[in-house]
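The next block is model_14.cif, given as mmCIF, C-alpha atoms.
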data_run
#
loop_
_atom_site.label_atom_id
_atom_site.label_comp_id
_atom_site.auth_asym_id
_atom_site.auth_seq_id
_atom_site.Cartn_x
_atom_site.Cartn_y
_atom_site.Cartn_z
CA MET A 1 -38.99 -16.23 -69.25
CA THR A 2 -41.46 -14.69 -71.68
CA ALA A 3 -41.31 -10.95 -72.20
CA VAL A 4 -44.29 -8.97 -70.93
CA PRO A 5 -45.91 -5.98 -72.69
CA LEU A 6 -44.94 -2.87 -70.73
CA GLU A 7 -47.36 -0.04 -70.11
CA PHE A 8 -46.02 3.37 -71.07
CA GLY A 9 -46.74 7.04 -71.52
CA SER A 10 -45.92 9.06 -74.62
CA LEU A 11 -45.00 12.70 -74.20
CA GLY A 12 -44.95 13.67 -77.85
CA ARG A 13 -42.70 15.36 -80.38
CA PRO A 14 -42.60 12.50 -82.93
CA GLY A 15 -40.14 14.40 -85.14
CA ASN A 16 -37.53 14.45 -82.38
CA PRO A 17 -35.08 11.63 -81.59
CA PRO A 18 -36.74 9.01 -79.34
CA LEU A 19 -35.80 8.94 -75.67
CA ILE A 20 -36.90 5.91 -73.63
CA ILE A 21 -36.99 6.45 -69.85
CA MET A 22 -37.04 3.68 -67.23
CA HIS A 23 -37.80 4.42 -63.57
CA GLY A 24 -36.27 3.11 -60.35
CA LEU A 25 -37.41 0.53 -57.81
CA LEU A 26 -40.92 1.20 -56.43
CA GLY A 27 -41.35 3.95 -59.02
CA SER A 28 -43.39 4.18 -62.19
CA SER A 29 -43.73 6.22 -65.34
CA ARG A 30 -45.85 8.68 -63.33
CA ASN A 31 -42.71 9.88 -61.54
CA TRP A 32 -41.31 11.07 -64.87
CA ILE A 33 -44.25 12.91 -66.46
CA SER A 34 -43.22 16.45 -65.52
CA VAL A 35 -39.53 15.85 -66.30
CA GLY A 36 -40.44 14.06 -69.53
CA LYS A 37 -42.47 17.05 -70.70
CA LEU A 38 -39.39 19.25 -70.33
CA LEU A 39 -37.23 16.73 -72.18
CA ALA A 40 -39.85 16.59 -74.94
CA GLU A 41 -38.59 19.98 -76.12
CA TYR A 42 -35.69 18.04 -77.64
CA PHE A 43 -36.78 14.37 -77.65
CA ASN A 44 -39.76 12.21 -78.54
CA VAL A 45 -40.17 10.93 -74.97
CA PHE A 46 -41.57 7.57 -73.85
CA VAL A 47 -41.79 6.69 -70.14
CA LEU A 48 -42.13 2.99 -69.36
CA ASP A 49 -43.50 1.03 -66.41
CA LEU A 50 -41.10 -1.82 -65.64
CA ARG A 51 -42.59 -5.26 -64.94
CA ASN A 52 -44.25 -5.66 -61.54
CA GLN A 53 -44.51 -1.89 -61.14
CA GLY A 54 -46.85 0.84 -62.33
CA ASN A 55 -49.49 -0.57 -64.66
CA SER A 56 -47.29 -3.26 -66.21
CA PRO A 57 -48.04 -6.98 -65.78
CA HIS A 58 -47.20 -8.93 -62.63
CA VAL A 59 -44.89 -11.92 -63.10
CA ASP A 60 -42.57 -13.88 -60.85
CA SER A 61 -39.19 -12.92 -62.31
CA MET A 62 -37.20 -9.72 -61.81
CA HIS A 63 -34.11 -11.05 -63.56
CA TYR A 64 -32.28 -8.37 -65.51
CA ASN A 65 -32.20 -10.43 -68.71
CA ASP A 66 -35.99 -10.73 -68.53
CA MET A 67 -36.38 -6.99 -68.06
CA VAL A 68 -34.13 -6.42 -71.07
CA ASP A 69 -36.36 -8.78 -73.05
CA ASP A 70 -39.37 -6.67 -72.01
CA LEU A 71 -37.65 -3.59 -73.43
CA ILE A 72 -36.77 -5.39 -76.66
CA TYR A 73 -40.38 -6.55 -77.06
CA TRP A 74 -41.64 -3.01 -76.46
CA LEU A 75 -39.20 -1.51 -78.98
CA GLU A 76 -40.20 -4.03 -81.65
CA ASP A 77 -43.90 -3.59 -80.97
CA LYS A 78 -43.63 0.22 -81.26
CA ASP A 79 -41.26 0.00 -84.27
CA ILE A 80 -38.67 2.26 -82.63
CA GLY A 81 -35.53 2.79 -84.72
CA LYS A 82 -32.45 4.41 -83.22
CA PHE A 83 -33.02 5.94 -79.79
CA TYR A 84 -31.57 7.32 -76.57
CA LEU A 85 -32.03 5.34 -73.36
CA LEU A 86 -32.20 6.84 -69.86
CA GLY A 87 -32.47 4.71 -66.75
CA HIS A 88 -32.65 5.70 -63.09
CA SER A 89 -31.51 3.35 -60.30
CA LEU A 90 -33.09 -0.06 -61.10
CA GLY A 91 -33.93 1.29 -64.56
CA GLY A 92 -30.30 2.32 -64.87
CA LYS A 93 -29.16 -1.25 -64.34
CA VAL A 94 -31.64 -2.47 -66.97
CA ALA A 95 -30.40 0.24 -69.33
CA MET A 96 -26.74 -0.70 -68.77
CA THR A 97 -27.52 -4.36 -69.40
CA TYR A 98 -29.41 -3.55 -72.61
CA ALA A 99 -26.59 -1.31 -73.85
CA CYS A 100 -23.94 -3.99 -73.31
CA THR A 101 -25.97 -6.75 -74.97
CA HIS A 102 -27.93 -4.92 -77.71
CA PRO A 103 -26.00 -1.77 -78.65
CA GLU A 104 -27.00 -1.67 -82.32
CA ARG A 105 -29.78 0.94 -82.17
CA LEU A 106 -28.59 3.02 -79.24
CA LEU A 107 -27.73 6.63 -80.03
CA GLY A 108 -26.57 7.14 -76.47
CA LEU A 109 -26.99 5.86 -72.91
CA ILE A 110 -27.81 7.97 -69.85
CA VAL A 111 -27.60 6.42 -66.37
CA GLU A 112 -28.95 8.38 -63.41
CA ASP A 113 -27.16 7.79 -60.11
CA MET A 114 -26.39 4.10 -60.46
CA ALA A 115 -23.04 2.31 -60.83
CA PRO A 116 -22.27 -1.07 -62.43
CA LYS A 117 -21.65 -2.89 -59.16
CA GLN A 118 -23.30 -4.99 -56.49
CA TYR A 119 -24.97 -2.94 -53.79
CA PRO A 120 -25.47 -4.00 -50.19
CA LEU A 121 -29.02 -5.12 -49.51
CA ARG A 122 -31.20 -2.04 -49.12
CA TYR A 123 -34.87 -1.36 -48.43
CA GLU A 124 -35.39 -4.39 -46.17
CA VAL A 125 -37.09 -2.19 -43.56
CA GLU A 126 -39.35 -0.62 -46.17
CA PHE A 127 -40.35 -3.96 -47.68
CA ASN A 128 -41.00 -5.44 -44.24
CA ALA A 129 -43.21 -2.46 -43.46
CA MET A 130 -45.17 -2.78 -46.69
CA ASN A 131 -45.62 -6.53 -46.25
CA SER A 132 -46.82 -6.10 -42.66
CA LEU A 133 -49.41 -3.43 -43.52
CA ASP A 134 -52.90 -4.74 -42.77
CA LEU A 135 -54.69 -3.67 -45.97
CA GLU A 136 -58.05 -5.01 -44.82
CA SER A 137 -58.22 -2.66 -41.86
CA LEU A 138 -57.29 0.52 -43.76
CA LYS A 139 -60.05 3.08 -44.09
CA THR A 140 -58.02 5.98 -45.45
CA ARG A 141 -54.56 6.72 -46.88
CA THR A 142 -53.87 8.58 -43.64
CA ASP A 143 -54.30 5.25 -41.80
CA ALA A 144 -51.61 3.73 -44.04
CA ASP A 145 -49.32 6.71 -43.50
CA GLU A 146 -49.69 6.41 -39.72
CA ALA A 147 -49.11 2.65 -39.80
CA LEU A 148 -45.84 3.04 -41.72
CA LYS A 149 -44.52 6.05 -39.79
CA SER A 150 -42.66 4.16 -37.07
CA GLN A 151 -40.70 2.03 -39.56
CA ILE A 152 -40.35 4.66 -42.29
CA PRO A 153 -39.97 7.97 -40.44
CA ASP A 154 -38.91 10.06 -43.45
CA TRP A 155 -42.12 11.77 -44.63
CA ALA A 156 -41.13 12.30 -48.28
CA TRP A 157 -39.85 8.74 -48.67
CA ARG A 158 -43.02 7.40 -47.07
CA GLN A 159 -45.20 9.39 -49.46
CA PHE A 160 -43.23 8.05 -52.42
CA ILE A 161 -43.78 4.47 -51.23
CA LEU A 162 -47.48 5.18 -50.73
CA THR A 163 -47.85 6.19 -54.38
CA ASN A 164 -47.97 2.42 -54.90
CA LEU A 165 -51.03 2.00 -52.66
CA MET A 166 -54.27 2.08 -54.62
CA ARG A 167 -57.96 1.84 -53.77
CA GLY A 168 -59.83 -0.67 -55.93
CA LYS A 169 -63.40 -0.69 -57.25
CA ASP A 170 -64.35 -2.59 -54.09
CA ASN A 171 -63.13 0.46 -52.12
CA LYS A 172 -60.39 -1.62 -50.53
CA PHE A 173 -56.70 -0.77 -50.66
CA HIS A 174 -54.14 -2.90 -52.52
CA TRP A 175 -50.54 -2.58 -53.59
CA GLN A 176 -50.27 -1.72 -57.28
CA ILE A 177 -46.77 -3.21 -57.36
CA ASN A 178 -46.20 -6.95 -57.24
CA LEU A 179 -44.97 -6.76 -53.66
CA LYS A 180 -44.46 -10.51 -53.32
CA SER A 181 -42.21 -10.74 -56.37
CA LEU A 182 -40.23 -7.58 -55.61
CA THR A 183 -39.62 -8.78 -52.05
CA LYS A 184 -38.46 -12.19 -53.25
CA TRP A 185 -36.13 -10.74 -55.88
CA LEU A 186 -34.68 -7.88 -53.81
CA PRO A 187 -31.27 -9.58 -53.33
CA GLU A 188 -31.05 -10.20 -57.10
CA ILE A 189 -32.00 -6.59 -57.85
CA MET A 190 -29.03 -5.40 -55.79
CA LYS A 191 -26.51 -7.40 -57.85
CA ASN A 192 -24.34 -6.12 -60.65
CA PRO A 193 -26.13 -7.38 -63.78
CA LEU A 194 -23.05 -7.02 -66.00
CA LYS A 195 -20.53 -9.75 -66.78
CA GLN A 196 -16.82 -8.98 -66.52
CA THR A 197 -16.52 -9.08 -70.32
CA ASP A 198 -19.49 -6.76 -70.96
CA ASN A 199 -18.98 -3.29 -72.39
CA TYR A 200 -20.77 -0.64 -74.40
CA LYS A 201 -18.54 1.52 -76.59
CA GLY A 202 -21.20 4.09 -77.50
CA PRO A 203 -21.53 7.53 -75.92
CA THR A 204 -22.60 7.28 -72.28
CA LEU A 205 -23.45 9.84 -69.63
CA PHE A 206 -23.54 9.02 -65.92
CA LEU A 207 -25.37 11.56 -63.75
CA ARG A 208 -24.21 11.53 -60.13
CA GLY A 209 -26.18 13.22 -57.38
CA VAL A 210 -23.68 15.17 -55.27
CA ASN A 211 -25.51 14.25 -52.04
CA SER A 212 -25.99 10.58 -52.97
CA ASP A 213 -23.80 7.61 -52.06
CA TYR A 214 -24.93 5.43 -54.97
CA ILE A 215 -21.96 6.50 -57.11
CA THR A 216 -18.64 7.16 -55.38
CA ASP A 217 -15.20 8.11 -56.68
CA ALA A 218 -14.19 4.48 -56.20
CA ASP A 219 -16.75 3.44 -58.84
CA TYR A 220 -15.17 5.49 -61.65
CA PRO A 221 -12.71 2.79 -62.84
CA ALA A 222 -15.54 0.24 -63.23
CA ILE A 223 -17.72 2.78 -65.04
CA HIS A 224 -14.96 3.52 -67.54
CA LYS A 225 -14.14 -0.18 -67.93
CA TYR A 226 -17.68 -1.15 -68.87
CA PHE A 227 -18.38 2.11 -70.69
CA PRO A 228 -15.09 3.35 -72.24
CA ASN A 229 -16.79 6.27 -74.00
CA SER A 230 -18.44 7.60 -70.84
CA SER A 231 -18.44 10.86 -68.94
CA ILE A 232 -19.63 11.48 -65.38
CA THR A 233 -21.48 14.69 -64.55
CA LEU A 234 -22.04 15.73 -60.95
CA ILE A 235 -25.44 17.34 -60.40
CA GLU A 236 -25.50 19.83 -57.55
CA HIS A 237 -28.25 19.99 -54.92
CA SER A 238 -29.41 16.43 -55.58
CA GLY A 239 -29.47 13.06 -53.92
CA HIS A 240 -30.35 9.73 -55.51
CA ASN A 241 -33.46 11.14 -57.22
CA VAL A 242 -31.61 13.65 -59.37
CA HIS A 243 -34.62 14.18 -61.66
CA ILE A 244 -36.70 15.33 -58.68
CA ASP A 245 -34.08 17.17 -56.61
CA ASN A 246 -32.57 19.15 -59.49
CA THR A 247 -34.82 18.76 -62.51
CA GLU A 248 -33.22 21.65 -64.38
CA GLY A 249 -29.73 20.25 -63.86
CA LEU A 250 -30.72 16.83 -65.19
CA VAL A 251 -32.66 18.20 -68.18
CA ASN A 252 -29.81 20.51 -69.17
CA ALA A 253 -27.21 17.72 -68.86
CA VAL A 254 -29.26 15.25 -70.93
CA LYS A 255 -29.98 17.82 -73.66
CA ALA A 256 -26.31 18.88 -73.86
CA PHE A 257 -25.24 15.23 -74.11
CA ALA A 258 -27.63 14.53 -76.99
CA LYS A 259 -26.86 17.78 -78.82
CA GLU A 260 -23.15 16.94 -78.83
CA ILE A 261 -23.92 13.52 -80.33
CA ASP A 262 -26.38 14.89 -82.88
CA SER A 263 -24.13 17.73 -84.04
#
Write the structure described by the file as structure tokens, please.
Amino acid sequence: MTAVPLEFGSLGRPGNPPLIIMHGLLGSSRNWISVGKLLAEYFNVFVLDLRNQGNSPHVDSMHYNDMVDDLIYWLEDKDIGKFYLLGHSLGGKVAMTYACTHPERLLGLIVEDMAPKQYPLRYEVEFNAMNSLDLESLKTRTDADEALKSQIPDWAWRQFILTNLMRGKDNKFHWQINLKSLTKWLPEIMKNPLKQTDNYKGPTLFLRGVNSDYITDADYPAIHKYFPNSSITLIEHSGHNVHIDNTEGLVNAVKAFAKEIDS
């Protein structure tokens, strides 16, 4: 599969060590702008849109090796030297895969609330709801919100999903994500992308949301097997979206991790 050129945002501080941030499933670089600005006090921050999401190109594959190739292409195109890599959820799996296969330039790896394991199939209800939404009949975003409410009752989660619904120049609504491809590849996305022999020996920080079930105590042996130089920090008052639920906790943990490496 050919790598695709990823869209990105740059949050400045060129003299600081680069930090590349990759979002989770159904997210985009937009979700990281405010957090990235805080991290830019210490890093030169870049927030990427993964393939089939945000403003990045739509292609059929969501294979982890292809997403790693996208990152490699982006790094070469932007002439990035040594850097830190932070990935949340889906982006965390891409980051882990990159670290285990291309560790040469990594200063350190940060994984937000994701373990190196296969997860049970999630988000089937949400994807069914998105696929069944009649885009042609929508007049307003409120119409879309009402149409999704019965299948996705959680208001905040529904609003997050609706960040992917855009109105085009023709005034009609469309999904900005490649919904067809993401739906097709959902089972693959839930798999553990790492081989049994994979490992990354560089400094690694796992951030675990205290109220999330994505990382459990039972996952610690696998984390330390794949990432022998890793630590796990529990972030209070946060679920799976640590960077949203406890922004200060995440920013402080990431800065402390990098400062220890840089000292």
Can you tell me, as a ChimeraX atom specification, what residues are no more than 7 Å from stretch 31-44 of chain A when counting all atoms listed in the file, ignoring any on the same chain fewer than 5 positions away? /A:11-19,243,247,251,255
Would you kindly translate the PyMOL selection byres ((chain A and resi 84) around 9) into the concrete residues it picks from this file, as a PyMOL selection string? chain A and resi 17-21+43+82-83+85-86+105-110+258
Quote the spacing between atom CA of A:Pro5 and atom CA of A:Asp70 in Å to one decimal place. 6.6 Å
Evaluate the PyMOL selection byres ((chain A and resi 182-195) around 7) and report residues as a list of chain:residue names: A:Met62, A:Tyr64, A:Lys93, A:Thr97, A:Pro116, A:Lys117, A:Gln118, A:Tyr119, A:Pro120, A:Leu121, A:Phe127, A:Asn178, A:Leu179, A:Lys180, A:Ser181, A:Gln196, A:Thr197, A:Asp198
Mind checking which residues fall within 12 Å of A:Lys149, counting all atoms listed in the file, ignoring those fewer than 3 positions away in the same chain, and posting them as a VMD selection string? chain A and resid 125 to 126 129 to 130 133 142 to 146 152 to 159 161 to 162
Which of A:Asn241, A:Asn199, A:Thr163, A:Ser61 sits closest to A:Leu26 [using only C-alpha atoms]: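 Of A:Asn241, A:Asn199, A:Thr163, A:Ser61, the one nearest A:Leu26, counting only C-alpha atoms, is A:Thr163.
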Calculate how many Å separate atom CA of A:Asn131 from atom CA of A:Phe173, rounding to one decimal. 13.2 Å
Coordinates-based distance that separates atom CA of A:Ser132 from atom CA of A:Gln151 (Å, one decimal):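 If I compute the distance from atom CA of A:Gln151 to atom CA of A:Ser132, I get 10.6 Å.
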The PyMOL selection byres ((chain A and resi 6) around 9) resolved against shown file, as a list in words: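 Applying the PyMOL selection byres ((chain A and resi 6) around 9) to the structure shown produces Ala3, Val4, Pro5, Glu7, Phe8, Leu48, Asp49, Leu50, Arg51, Asn55, Ser56, Pro57, Asp70, Leu71, Tyr73 and Trp74 of chain A.
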Using all atoms listed in the file, which protein or nucleic acid residues come within 9 Å of A:Asn211? Drop anything in the same chain fewer than 2 positions from it, and give the result as a PyMOL selection string. chain A and resi 208-209+213+235-240
Centre and edge lengths, as AutoDock Vina command-line options, for the axis-aligned box enclosing every listed atom of stretch 51-67 of chain A with 8 Å of padding on each of the six sides, in Å to one decimal?
--center_x -40.8 --center_y -6.5 --center_z -64.8 --size_x 33.3 --size_y 30.7 --size_z 23.9
Given all atoms listed in the file as the basis, pick out the residue of A:Asp113, A:Asp79, A:Glu248, A:Asp69 nearest to A:Val210.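 Ranking A:Asp113, A:Asp79, A:Glu248, A:Asp69 by distance to A:Val210, first place goes to A:Asp113.
Nearest residue to A:Met67 among A:Met22, A:Pro103, A:Ser89, A:Arg141 is A:Met22, counting only C-alpha atoms.
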